[in-house]
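Everything below belongs to target-v7.cif, which stores mmCIF, C-alpha atoms.
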```
data_final
#
loop_
_atom_site.label_atom_id
_atom_site.label_comp_id
_atom_site.auth_asym_id
_atom_site.auth_seq_id
_atom_site.Cartn_x
_atom_site.Cartn_y
_atom_site.Cartn_z
CA MET A 1 80.24 130.65 48.47
CA ALA A 2 82.65 131.07 45.59
CA SER A 3 85.81 133.07 45.66
CA SER A 4 87.90 134.95 43.13
CA ASP A 5 91.51 136.02 43.50
CA GLY A 6 92.35 139.52 42.27
CA THR A 7 96.02 138.71 41.49
CA GLY A 8 97.41 138.66 37.95
CA GLY A 9 100.18 139.86 35.68
CA LEU A 10 100.71 142.92 33.55
CA ARG A 11 99.87 140.90 30.46
CA ALA A 12 96.35 140.26 31.76
CA GLY A 13 96.02 143.96 32.49
CA LEU A 14 97.06 144.91 28.96
CA HIS A 15 94.46 142.53 27.54
CA GLY A 16 91.90 144.28 29.72
CA LEU A 17 92.51 147.77 28.35
CA THR A 18 89.24 149.43 27.44
CA THR A 19 88.66 151.48 24.31
CA ARG A 20 89.54 154.58 26.29
CA GLY A 21 92.75 153.00 27.57
CA ARG A 22 93.80 151.82 24.11
CA SER A 23 93.07 155.26 22.70
CA PHE A 24 95.23 156.93 25.34
CA LEU A 25 98.02 154.44 24.71
CA ALA A 26 97.86 154.91 20.94
CA ALA A 27 97.76 158.68 21.29
CA GLY A 28 100.73 158.64 23.65
CA LEU A 29 102.86 156.44 21.41
CA THR A 30 101.98 158.58 18.40
CA ALA A 31 102.97 161.73 20.31
CA VAL A 32 106.29 160.14 21.33
CA VAL A 33 107.09 159.22 17.72
CA CYS A 34 106.14 162.69 16.47
CA ALA A 35 108.20 164.34 19.23
CA TYR A 36 111.22 162.27 18.21
CA LEU A 37 110.81 163.16 14.55
CA LEU A 38 110.12 166.83 15.21
CA ASP A 39 112.54 167.13 18.13
CA GLN A 40 109.83 168.55 20.41
CA ASP A 41 110.54 167.95 24.09
CA ALA A 42 107.15 169.30 25.24
CA LEU A 43 105.32 166.93 22.91
CA LEU A 44 107.47 164.07 24.19
CA ARG A 45 106.44 164.77 27.78
CA VAL A 46 102.78 164.82 26.76
CA GLY A 47 103.17 161.54 24.87
CA VAL A 48 104.87 159.83 27.79
CA LEU A 49 102.11 160.96 30.13
CA LEU A 50 99.36 159.75 27.79
CA ALA A 51 101.01 156.34 27.35
CA ALA A 52 101.92 155.92 31.00
CA LEU A 53 98.38 156.50 32.32
CA PRO A 54 96.75 153.36 30.79
CA LEU A 55 99.86 151.27 31.48
CA ALA A 56 99.81 152.29 35.13
CA ALA A 57 96.08 151.55 35.35
CA ALA A 58 96.63 148.09 33.82
CA ALA A 59 99.43 147.34 36.29
CA VAL A 60 97.36 148.47 39.28
CA VAL A 61 94.21 146.55 38.28
CA ALA A 62 96.04 143.36 37.30
CA ASN A 63 98.01 143.26 40.54
CA THR A 64 95.23 144.17 42.93
CA ARG A 65 95.68 142.10 46.07
CA TYR A 66 92.26 141.34 47.50
CA ARG A 67 89.89 138.41 47.56
CA VAL A 68 86.18 138.52 46.89
CA ALA A 69 83.54 135.86 47.64
CA SER A 70 80.02 135.66 46.24
CA GLY A 71 76.78 133.91 47.03
CA ARG A 72 73.40 133.61 45.30
CA ARG A 73 69.96 132.97 46.77
CA LEU A 74 66.75 132.33 44.82
CA SER A 75 63.34 133.30 46.13
CA PRO A 76 61.59 131.02 45.42
CA HIS A 77 63.57 128.11 43.98
CA ARG A 78 60.43 127.00 42.14
CA ALA A 79 58.77 129.82 40.27
CA ILE A 80 55.39 129.53 38.57
CA ALA A 81 55.30 130.26 34.86
CA GLY A 82 54.34 133.88 34.29
CA GLN A 83 55.31 134.98 37.81
CA GLU A 84 58.47 136.72 38.92
CA ALA A 85 61.27 135.30 41.04
CA ARG A 86 63.95 137.32 42.78
CA VAL A 87 67.65 136.53 42.73
CA HIS A 88 69.72 137.88 45.62
CA LEU A 89 73.46 138.33 45.16
CA ARG A 90 75.94 138.92 47.95
CA VAL A 91 79.55 140.00 47.44
CA ASP A 92 81.95 139.74 50.39
CA ASN A 93 85.38 141.37 50.58
CA VAL A 94 87.30 138.76 52.57
CA SER A 95 90.63 140.57 52.32
CA ARG A 96 92.10 143.22 54.59
CA VAL A 97 92.17 146.00 52.00
CA PRO A 98 89.21 147.85 50.47
CA THR A 99 88.20 147.07 46.92
CA GLY A 100 88.14 149.46 44.04
CA LEU A 101 85.31 149.83 41.55
CA LEU A 102 83.54 146.49 40.98
CA LEU A 103 81.24 145.73 38.06
CA LEU A 104 78.97 142.69 38.54
CA GLU A 105 77.23 140.81 35.74
CA ASP A 106 75.25 137.63 36.28
CA LYS A 107 74.77 135.20 33.43
CA VAL A 108 71.06 134.70 32.78
CA PRO A 109 69.31 132.76 29.96
CA TYR A 110 67.74 135.02 27.36
CA VAL A 111 64.23 133.74 28.13
CA LEU A 112 64.49 135.13 31.68
CA GLY A 113 65.36 138.65 30.58
CA PRO A 114 68.47 140.79 30.02
CA ARG A 115 71.66 140.18 31.93
CA PRO A 116 71.66 142.19 35.17
CA ARG A 117 74.61 144.51 35.79
CA PHE A 118 75.57 146.30 38.99
CA VAL A 119 78.28 148.79 39.97
CA LEU A 120 79.80 148.62 43.46
CA ASP A 121 81.94 151.66 44.21
CA ARG A 122 83.92 150.40 47.20
CA VAL A 123 83.65 147.53 49.66
CA GLU A 124 85.45 147.98 52.95
CA PRO A 125 87.66 145.23 54.41
CA ARG A 126 85.55 142.30 55.67
CA GLY A 127 82.49 144.11 54.38
CA PHE A 128 79.81 142.99 51.95
CA ARG A 129 77.22 144.32 49.53
CA GLU A 130 73.86 142.82 48.58
CA VAL A 131 71.99 143.43 45.34
CA SER A 132 69.02 141.69 43.75
CA TYR A 133 67.23 141.45 40.44
CA ARG A 134 64.03 139.90 39.13
CA VAL A 135 63.55 137.23 36.49
CA ARG A 136 60.41 135.97 34.83
CA SER A 137 59.57 133.30 32.28
CA ASP A 138 56.29 132.41 30.61
CA LEU A 139 57.84 129.08 29.63
CA ARG A 140 58.29 126.32 32.18
CA GLY A 141 61.67 124.62 32.40
CA ARG A 142 64.94 124.56 34.32
CA TYR A 143 67.26 127.52 33.84
CA LEU A 144 70.88 127.88 34.89
CA LEU A 145 71.77 131.15 36.61
CA GLY A 146 75.42 132.09 36.73
CA PRO A 147 78.28 132.00 37.00
CA LEU A 148 78.67 135.54 38.30
CA GLN A 149 81.25 137.63 36.47
CA LEU A 150 83.24 140.31 38.28
CA ARG A 151 84.99 143.18 36.52
CA LEU A 152 87.77 145.08 38.24
CA SER A 153 88.16 148.61 36.92
CA ASP A 154 90.33 151.63 37.66
CA PRO A 155 88.72 154.99 38.50
CA PHE A 156 89.54 156.40 35.04
CA GLY A 157 87.97 153.53 33.11
CA MET A 158 91.24 152.69 31.36
CA CYS A 159 91.36 148.99 32.21
CA GLU A 160 88.93 146.24 33.13
CA VAL A 161 89.86 142.71 34.17
CA ASN A 162 87.20 140.00 34.27
CA ARG A 163 87.04 137.37 36.99
CA ALA A 164 84.48 134.54 36.90
CA PHE A 165 83.09 132.63 39.86
CA ALA A 166 82.41 128.93 39.52
CA ALA A 167 79.11 128.70 41.42
CA SER A 168 75.77 128.61 39.62
CA ASP A 169 72.18 127.82 40.60
CA VAL A 170 69.16 126.32 38.89
CA LEU A 171 65.80 128.07 38.78
CA THR A 172 62.89 125.72 38.12
CA VAL A 173 59.87 127.28 36.44
CA VAL A 174 56.87 125.01 37.03
CA PRO A 175 53.53 125.06 35.20
CA GLN A 176 50.67 127.10 36.54
CA VAL A 177 48.85 125.41 39.41
CA LEU A 178 45.21 126.45 39.72
CA ALA A 179 43.20 126.05 42.91
CA LEU A 180 40.48 123.45 42.38
CA PRO A 181 37.16 123.31 44.24
CA GLN A 182 36.36 120.55 46.70
CA VAL A 183 34.06 118.05 45.00
CA ARG A 184 32.89 114.56 45.85
CA LEU A 185 34.72 112.23 43.48
CA ARG A 186 33.40 108.90 42.33
CA GLY A 187 35.49 106.03 43.57
CA GLU A 188 36.76 107.73 46.71
CA TRP A 189 36.86 104.35 48.35
CA ILE A 190 39.45 105.07 51.03
CA GLY A 191 40.07 108.77 50.88
CA GLN A 192 40.06 111.45 53.51
CA GLY A 193 37.00 113.43 54.52
CA GLU A 194 33.58 111.87 54.02
CA SER A 195 34.77 108.72 52.29
CA HIS A 196 37.34 108.12 54.98
CA ALA A 197 34.69 108.51 57.65
CA ARG A 198 32.44 106.03 55.88
CA THR A 199 35.25 103.47 55.73
CA LEU A 200 35.90 103.74 59.47
CA ALA A 201 32.21 103.55 60.18
CA LEU A 202 32.03 100.20 58.40
CA ALA A 203 35.29 98.69 59.66
CA GLY A 204 35.54 100.30 63.08
CA ASP A 205 38.35 102.45 64.41
CA ASP A 206 40.69 99.47 64.83
CA ASP A 207 41.22 96.52 62.56
CA VAL A 208 41.20 93.44 64.80
CA ILE A 209 44.70 92.10 64.18
CA LEU A 210 46.07 90.22 67.16
CA ARG A 211 49.51 89.76 68.65
CA GLU A 212 50.96 88.54 71.96
CA TYR A 213 50.82 90.79 74.97
CA ARG A 214 54.01 92.76 75.65
CA PRO A 215 54.93 94.55 78.90
CA GLY A 216 53.62 98.09 78.74
CA ASP A 217 50.61 97.30 76.52
CA ASP A 218 47.34 98.88 77.56
CA LEU A 219 45.20 96.23 79.26
CA ARG A 220 42.14 97.82 77.71
CA ARG A 221 43.32 96.44 74.38
CA VAL A 222 43.28 92.83 75.56
CA HIS A 223 41.10 90.68 73.31
CA TRP A 224 39.53 88.33 75.87
CA ARG A 225 37.92 85.95 73.43
CA SER A 226 41.25 85.23 71.72
CA THR A 227 42.99 85.11 75.10
CA ALA A 228 40.64 82.35 76.20
CA ARG A 229 41.17 80.52 72.92
CA TYR A 230 44.97 80.62 72.89
CA GLY A 231 45.55 80.46 76.63
CA GLU A 232 47.72 83.58 76.73
CA LEU A 233 47.09 87.29 76.71
CA MET A 234 46.37 88.59 73.21
CA VAL A 235 45.99 92.28 72.40
CA ARG A 236 44.52 94.10 69.47
CA ARG A 237 47.09 95.81 67.30
CA GLU A 238 46.14 99.21 65.96
CA GLU A 239 46.39 99.51 62.21
CA GLN A 240 46.62 102.78 60.35
CA PRO A 241 43.82 103.11 57.84
CA GLN A 242 45.03 102.58 54.31
CA LYS A 243 45.59 105.83 52.50
CA ALA A 244 43.74 106.65 49.33
CA ARG A 245 45.79 106.40 46.17
CA ALA A 246 45.50 108.39 42.98
CA THR A 247 47.27 108.33 39.63
CA VAL A 248 47.40 111.30 37.27
CA LEU A 249 48.01 110.14 33.70
CA LEU A 250 49.40 112.77 31.33
CA ASP A 251 49.26 112.17 27.59
CA THR A 252 52.48 113.65 26.15
CA ARG A 253 52.25 112.21 22.64
CA GLU A 254 53.14 114.78 20.01
CA VAL A 255 50.54 113.36 17.60
CA ALA A 256 47.84 113.91 20.22
CA HIS A 257 48.28 117.67 20.64
CA ARG A 258 47.88 120.84 18.58
CA GLY A 259 49.18 124.36 18.75
CA SER A 260 52.55 125.69 19.83
CA GLY A 261 54.04 127.68 22.70
CA PRO A 262 52.24 128.54 25.93
CA ALA A 263 48.86 128.52 24.14
CA SER A 264 49.15 124.92 22.91
CA SER A 265 46.94 122.06 24.03
CA PHE A 266 49.99 120.34 25.54
CA GLU A 267 50.72 123.27 27.86
CA TRP A 268 47.07 123.28 28.93
CA ALA A 269 47.34 119.56 29.67
CA VAL A 270 50.54 120.00 31.71
CA SER A 271 48.96 122.77 33.79
CA CYS A 272 45.85 120.65 34.29
CA ALA A 273 47.90 117.65 35.45
CA ALA A 274 49.85 119.85 37.88
CA SER A 275 46.68 121.38 39.32
CA VAL A 276 44.97 118.01 39.79
CA ALA A 277 48.04 116.35 41.34
CA VAL A 278 48.59 119.16 43.86
CA HIS A 279 44.88 119.24 44.70
CA LEU A 280 44.74 115.48 45.35
CA LEU A 281 47.86 115.64 47.50
CA GLU A 282 46.28 118.38 49.57
CA ARG A 283 43.23 116.17 50.04
CA GLY A 284 45.39 113.40 51.47
CA TYR A 285 45.75 111.15 48.43
CA GLN A 286 48.95 109.22 47.85
CA THR A 287 49.45 110.61 44.38
CA GLN A 288 51.69 109.60 41.50
CA LEU A 289 52.20 111.07 38.05
CA LEU A 290 52.32 108.71 35.09
CA THR A 291 53.03 109.61 31.46
CA ASP A 292 52.31 107.67 28.29
CA THR A 293 56.01 106.73 28.23
CA GLY A 294 55.52 104.64 31.39
CA HIS A 295 57.52 107.02 33.60
CA TRP A 296 56.35 107.24 37.24
CA VAL A 297 56.88 110.22 39.56
CA PRO A 298 57.59 109.42 42.37
CA GLY A 299 59.09 106.07 41.40
CA PRO A 300 57.38 102.74 42.08
CA GLY A 301 59.59 102.17 45.13
CA SER A 302 58.23 105.15 47.03
CA GLY A 303 55.62 102.96 48.73
CA GLY A 304 53.64 104.69 51.44
CA HIS A 305 56.31 107.27 52.27
CA ASN A 306 54.36 109.99 50.60
CA VAL A 307 54.93 113.37 52.19
CA ALA A 308 52.64 115.78 50.36
CA ALA A 309 55.14 118.64 50.16
CA ASP A 310 57.97 116.42 48.91
CA THR A 311 55.78 114.59 46.40
CA SER A 312 54.31 117.84 45.14
CA GLY A 313 57.81 119.17 44.53
CA LEU A 314 58.85 116.02 42.67
CA ILE A 315 55.78 116.09 40.45
CA LEU A 316 56.10 119.80 39.68
CA ASP A 317 59.80 119.39 38.91
CA ALA A 318 58.97 116.59 36.49
CA LEU A 319 56.22 118.61 34.82
CA ALA A 320 58.55 121.61 34.52
CA VAL A 321 60.68 119.68 32.03
CA ALA A 322 57.95 117.49 30.50
CA ASP A 323 58.21 117.39 26.74
CA LEU A 324 56.29 115.89 23.86
CA SER A 325 57.03 112.23 23.21
CA ASP A 326 57.20 110.39 19.89
CA GLY A 327 54.88 107.62 21.05
CA ALA A 328 51.89 106.61 18.99
CA GLY A 329 49.77 105.05 21.74
CA LEU A 330 49.29 104.65 25.48
CA SER A 331 50.39 101.01 25.72
CA ARG A 332 53.50 101.79 27.82
CA ALA A 333 51.28 103.36 30.48
CA GLU A 334 48.72 100.52 30.49
CA GLU A 335 50.95 97.95 32.16
CA PRO A 336 51.71 100.11 35.26
CA LEU A 337 48.01 100.89 35.53
CA ARG A 338 47.09 97.20 35.39
CA ALA A 339 49.68 96.37 38.03
CA GLY A 340 48.72 99.10 40.48
CA GLY A 341 45.57 100.69 39.18
CA GLU A 342 43.60 100.64 42.42
CA GLY A 343 42.33 103.99 43.57
CA LEU A 344 41.44 107.06 41.57
CA LEU A 345 42.70 107.55 38.02
CA VAL A 346 42.66 111.04 36.48
CA ALA A 347 43.75 111.09 32.84
CA VAL A 348 44.54 114.21 30.81
CA LEU A 349 44.24 113.02 27.23
CA GLY A 350 44.81 114.41 23.78
CA ASP A 351 43.46 112.96 20.54
CA LEU A 352 42.42 109.31 20.75
CA ASP A 353 41.69 106.88 17.95
CA ALA A 354 39.10 104.14 18.26
CA ALA A 355 41.58 101.46 19.42
CA GLN A 356 43.08 103.69 22.11
CA ALA A 357 39.67 104.66 23.44
CA THR A 358 38.68 100.98 23.62
CA ARG A 359 41.82 100.06 25.56
CA LEU A 360 41.25 102.91 28.02
CA ALA A 361 37.64 101.83 28.46
CA ARG A 362 38.83 98.37 29.52
CA LEU A 363 41.10 99.86 32.18
CA ARG A 364 38.13 101.37 33.98
CA GLY A 365 37.33 98.09 35.74
CA ARG A 366 40.76 98.08 37.43
CA THR A 367 40.38 101.48 39.08
CA GLY A 368 38.39 102.76 42.02
CA GLY A 369 37.28 105.74 39.97
CA ALA A 370 38.24 107.24 36.61
CA ILE A 371 38.06 110.83 35.40
CA ALA A 372 39.20 111.87 31.93
CA PHE A 373 39.95 115.38 30.70
CA LEU A 374 39.50 114.70 26.99
CA LEU A 375 40.93 117.54 24.92
CA ASP A 376 39.19 118.53 21.71
CA THR A 377 42.53 119.57 20.23
CA GLY A 378 40.96 120.81 17.02
CA THR A 379 39.82 123.89 18.94
CA TRP A 380 43.45 124.74 19.71
CA ALA A 381 44.30 124.63 16.02
CA GLY A 382 41.25 126.69 15.04
CA VAL A 383 39.74 123.78 13.08
CA ARG A 384 36.37 123.90 14.82
CA MET A 385 36.02 127.63 14.24
CA LEU A 386 36.69 127.27 10.52
CA ALA A 387 34.71 124.06 10.03
CA PRO A 388 32.60 123.18 13.07
CA ASP A 389 31.67 119.72 11.76
CA THR A 390 35.27 118.62 11.19
CA GLY A 391 36.07 115.82 13.62
CA GLY A 392 33.11 116.62 15.85
CA ASP A 393 31.34 113.28 15.45
CA GLU A 394 34.54 111.32 16.06
CA PHE A 395 35.27 113.26 19.25
CA ARG A 396 31.72 112.80 20.55
CA GLU A 397 32.00 109.08 19.87
CA ARG A 398 35.11 108.88 22.07
CA VAL A 399 33.25 110.71 24.84
CA ARG A 400 30.31 108.30 24.61
CA GLU A 401 32.53 105.21 24.59
CA LEU A 402 34.46 106.20 27.68
CA ARG A 403 31.32 107.22 29.54
CA ALA A 404 29.69 103.93 28.68
CA ALA A 405 32.66 102.17 30.29
CA GLY A 406 32.16 104.14 33.53
CA TRP A 407 34.58 107.03 33.03
CA THR A 408 33.62 110.52 34.14
CA VAL A 409 34.53 112.36 30.95
CA LEU A 410 35.15 116.11 30.93
CA PRO A 411 35.34 117.36 27.32
CA VAL A 412 37.80 120.23 27.01
CA ARG A 413 37.91 123.03 24.47
CA ALA A 414 40.52 125.74 24.08
CA GLY A 415 39.95 128.42 26.71
CA ASP A 416 38.14 126.17 29.18
CA SER A 417 38.92 126.60 32.86
CA VAL A 418 40.36 123.68 34.82
CA PRO A 419 38.51 124.62 38.06
CA ASP A 420 35.18 124.84 36.21
CA LEU A 421 35.74 121.46 34.57
CA TRP A 422 36.78 119.92 37.88
CA ARG A 423 33.56 121.16 39.43
CA SER A 424 31.76 119.10 36.76
CA ALA A 425 33.48 115.96 38.07
CA ASP A 426 31.30 116.01 41.19
CA GLY A 427 30.00 112.52 41.85
CA ALA A 428 26.48 113.89 42.16
CA LYS A 429 26.54 114.68 38.43
CA THR A 430 26.31 111.92 35.91
CA THR A 431 27.86 113.62 32.89
CA ALA A 432 29.60 116.81 31.86
CA PRO A 433 27.85 118.39 28.88
CA TYR A 434 29.87 118.92 25.72
CA ARG A 435 29.43 122.25 24.05
CA ASP A 436 29.71 121.94 20.29
CA GLU A 437 29.46 124.95 18.04
CA ALA A 438 27.81 122.78 15.40
CA GLY A 439 24.95 122.02 17.76
CA ALA A 440 21.63 123.73 17.84
#
```
Reformat the file's structure so that it appears as structure tokens.
Amino acid sequence: MASSDGTGGLRAGLHGLTTRGRSFLAAGLTAVVCAYLLDQDALLRVGVLLAALPLAAAAVVANTRYRVASGRRLSPHRAIAGQEARVHLRVDNVSRVPTGLLLLEDKVPYVLGPRPRFVLDRVEPRGFREVSYRVRSDLRGRYLLGPLQLRLSDPFGMCEVNRAFAASDVLTVVPQVLALPQVRLRGEWIGQGESHARTLALAGDDDVILREYRPGDDLRRVHWRSTARYGELMVRREEQPQKARATVLLDTREVAHRGSGPASSFEWAVSCAASVAVHLLERGYQTQLLTDTGHWVPGPGSGGHNVAADTSGLILDALAVADLSDGAGLSRAEEPLRAGGEGLLVAVLGDLDAAQATRLARLRGRTGGAIAFLLDTGTWAGVRMLAPDTGGDEFRERVRELRAAGWTVLPVRAGDSVPDLWRSADGAKTTAPYRDEAGA
């Protein structure tokens, strides 16, 4: 809640005179001067009336004695790019006198639409009014809403005094998250579902880790062979199966992407990374986002405390403000992958040169499974449509090199669907065909 005090001086009221009020005041003063020069008492009375009306309105508005509080609620706090969010405003009259005419205007960034304005005729003592408006952005990001501005006005529209509340809220617009199909991924060594079942089938439901018997332990868990060996009761300690881990690598290098705005290859890559991360979290993976700058989300200290909803929010918040980097390579991301590269690696990559492709190929041996969305960024710039052979051989060579190293490579062209490409990552399929317009 934020509050605004309706007290003020006559000077503030005079500064708040509207065009109508200033016109009345000017006309009244002119009439008074003319009446003095022409010695016209009737004109003098008219002039005094015209001048007194805006002055009285300014005095009344500036010295209004009531207090108003406001609140703002966003639904939802995280909006998806291209979808609408609703902002709910509540204005409470916390004084013991009714308000006059109130004009509300909320400050909204231009990208979200025009500034919403509302007129509240009268709010009774201890009463409130609720209004709402919709915002929408096709561009992801974080946008500041507020502060709310309140205009006090007299019934004749002679004077308006602005009051500003201090409270503001942040609306986060996240990239589009597409629902991905359930596929069997290569390298699902300790995941949920079928792979998880296979792991338990091989290791048993309980890892045999022993400890001393404690009062209250179930006697059915006594390990008699170890008890006989050590001469005291030993019980099997239940261990939680290790959770599958996954890393989503997003290539944010400016030199690796083409196009601009929502239709650029970078925006496609951000949406793809968001979709894959959310999908893996829903499948039970302990998922982290890594960029070419070496930035982890969640941080390296998160350990096993991976609550899917919380992690999903952190990753989407990070992707909402992800921007192009000035890096030339992926070296800053290689060290974190070498240190903790176990599990599944899903990379969303832009243009690669020969050296970068070779370094990525070497990382494959440190991961449980590796999937690469390799963007043919020339299709975002229209290069392939104008000259189909331009860069085609180089791109195909990168695909072949990564596949030879054991990566599941999904070549991506402008307009391709993330769910359709993800379906091609099924472990039952060996490769994902690359459609080239220069082909036969």
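Here the question is which of A:Val161, A:Leu25, A:Ala328, A:Ala372 gets nearest to Leu55 in chain A using all atoms listed in the file, and that residue is A:Leu25.
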Could you tell me which residues the PyMOL selection byres ((chain A and resi 282-298) around 6) grabs in this file, written as a PDB file with C-alpha atoms, in the coordinates of the input?
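Once everything was written out, this is expr37.pdb:
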```
ATOM      1  CA  ALA A 244      43.740 106.650  49.330  1.00  0.00           C
ATOM      2  CA  ARG A 245      45.790 106.400  46.170  1.00  0.00           C
ATOM      3  CA  ALA A 246      45.500 108.390  42.980  1.00  0.00           C
ATOM      4  CA  THR A 247      47.270 108.330  39.630  1.00  0.00           C
ATOM      5  CA  VAL A 248      47.400 111.300  37.270  1.00  0.00           C
ATOM      6  CA  LEU A 249      48.010 110.140  33.700  1.00  0.00           C
ATOM      7  CA  LEU A 250      49.400 112.770  31.330  1.00  0.00           C
ATOM      8  CA  ASP A 251      49.260 112.170  27.590  1.00  0.00           C
ATOM      9  CA  HIS A 279      44.880 119.240  44.700  1.00  0.00           C
ATOM     10  CA  LEU A 280      44.740 115.480  45.350  1.00  0.00           C
ATOM     11  CA  LEU A 281      47.860 115.640  47.500  1.00  0.00           C
ATOM     12  CA  GLY A 299      59.090 106.070  41.400  1.00  0.00           C
ATOM     13  CA  LEU A 330      49.290 104.650  25.480  1.00  0.00           C
ATOM     14  CA  ARG A 332      53.500 101.790  27.820  1.00  0.00           C
ATOM     15  CA  ALA A 333      51.280 103.360  30.480  1.00  0.00           C
TER      16      ALA A 333
END
```
Excluding Arg22 in chain A and its own-chain neighbours fewer than 5 positions away, which residues fall within 12 Å of it when counting all atoms listed in the file? Please give them as a VMD selection string. chain A and resid 13 to 17 27 to 29 50 to 55 57 to 58 157 to 160
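Restricting the calculation to all atoms listed in the file, the smallest distance between Glu394 in chain A and any of A:Asp376, A:Ser417, A:Asp310, A:Glu335 is found for A:Asp376.
Across the structure, CA of Ala256 in chain A and CA of Val409 in chain A are spaced 17.2 Å apart.
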Test item: residues at most 10 Å from Gly365 in chain A, all atoms listed in the file, excluding those fewer than 2 positions along its chain, as a VMD selection string: chain A and resid 338 341 to 342 360 to 363 367 to 370 405 to 407
All heavy atoms are what I want for range 290-295 of chain A; can you complete it accordingly and write them as a short mmCIF file (atom, residue, chain, number, x, y, z; two decimals), in the coordinates of the input?
```cif
data_model
loop_
_atom_site.label_atom_id
_atom_site.label_comp_id
_atom_site.auth_asym_id
_atom_site.auth_seq_id
_atom_site.Cartn_x
_atom_site.Cartn_y
_atom_site.Cartn_z
N LEU A 290 51.95 109.70 36.09
CA LEU A 290 52.32 108.71 35.09
C LEU A 290 52.15 109.31 33.71
O LEU A 290 51.13 109.96 33.43
CB LEU A 290 51.45 107.45 35.24
CG LEU A 290 51.64 106.35 34.19
CD1 LEU A 290 53.03 105.74 34.29
CD2 LEU A 290 50.56 105.28 34.34
N THR A 291 53.14 109.12 32.83
CA THR A 291 53.03 109.61 31.46
C THR A 291 52.84 108.43 30.51
O THR A 291 53.00 107.27 30.90
CB THR A 291 54.27 110.41 31.04
OG1 THR A 291 55.40 109.52 30.97
CG2 THR A 291 54.56 111.53 32.04
N ASP A 292 52.51 108.74 29.28
CA ASP A 292 52.31 107.67 28.29
C ASP A 292 53.59 106.90 28.01
O ASP A 292 53.55 105.80 27.45
CB ASP A 292 51.79 108.29 26.98
CG ASP A 292 52.76 109.30 26.41
OD1 ASP A 292 52.85 110.40 26.98
OD2 ASP A 292 53.43 109.00 25.42
N THR A 293 54.74 107.44 28.40
CA THR A 293 56.01 106.73 28.23
C THR A 293 56.24 105.67 29.29
O THR A 293 57.22 104.93 29.24
CB THR A 293 57.19 107.72 28.24
OG1 THR A 293 57.24 108.37 29.53
CG2 THR A 293 57.02 108.78 27.16
N GLY A 294 55.36 105.60 30.30
CA GLY A 294 55.52 104.64 31.39
C GLY A 294 56.35 105.15 32.54
O GLY A 294 56.69 104.39 33.45
N HIS A 295 56.67 106.44 32.55
CA HIS A 295 57.52 107.02 33.60
C HIS A 295 56.66 107.43 34.79
O HIS A 295 55.69 108.17 34.64
CB HIS A 295 58.26 108.23 33.04
CG HIS A 295 59.14 108.91 34.05
ND1 HIS A 295 60.17 108.27 34.70
CD2 HIS A 295 59.13 110.19 34.53
CE1 HIS A 295 60.76 109.09 35.52
NE2 HIS A 295 60.15 110.27 35.45
#
```
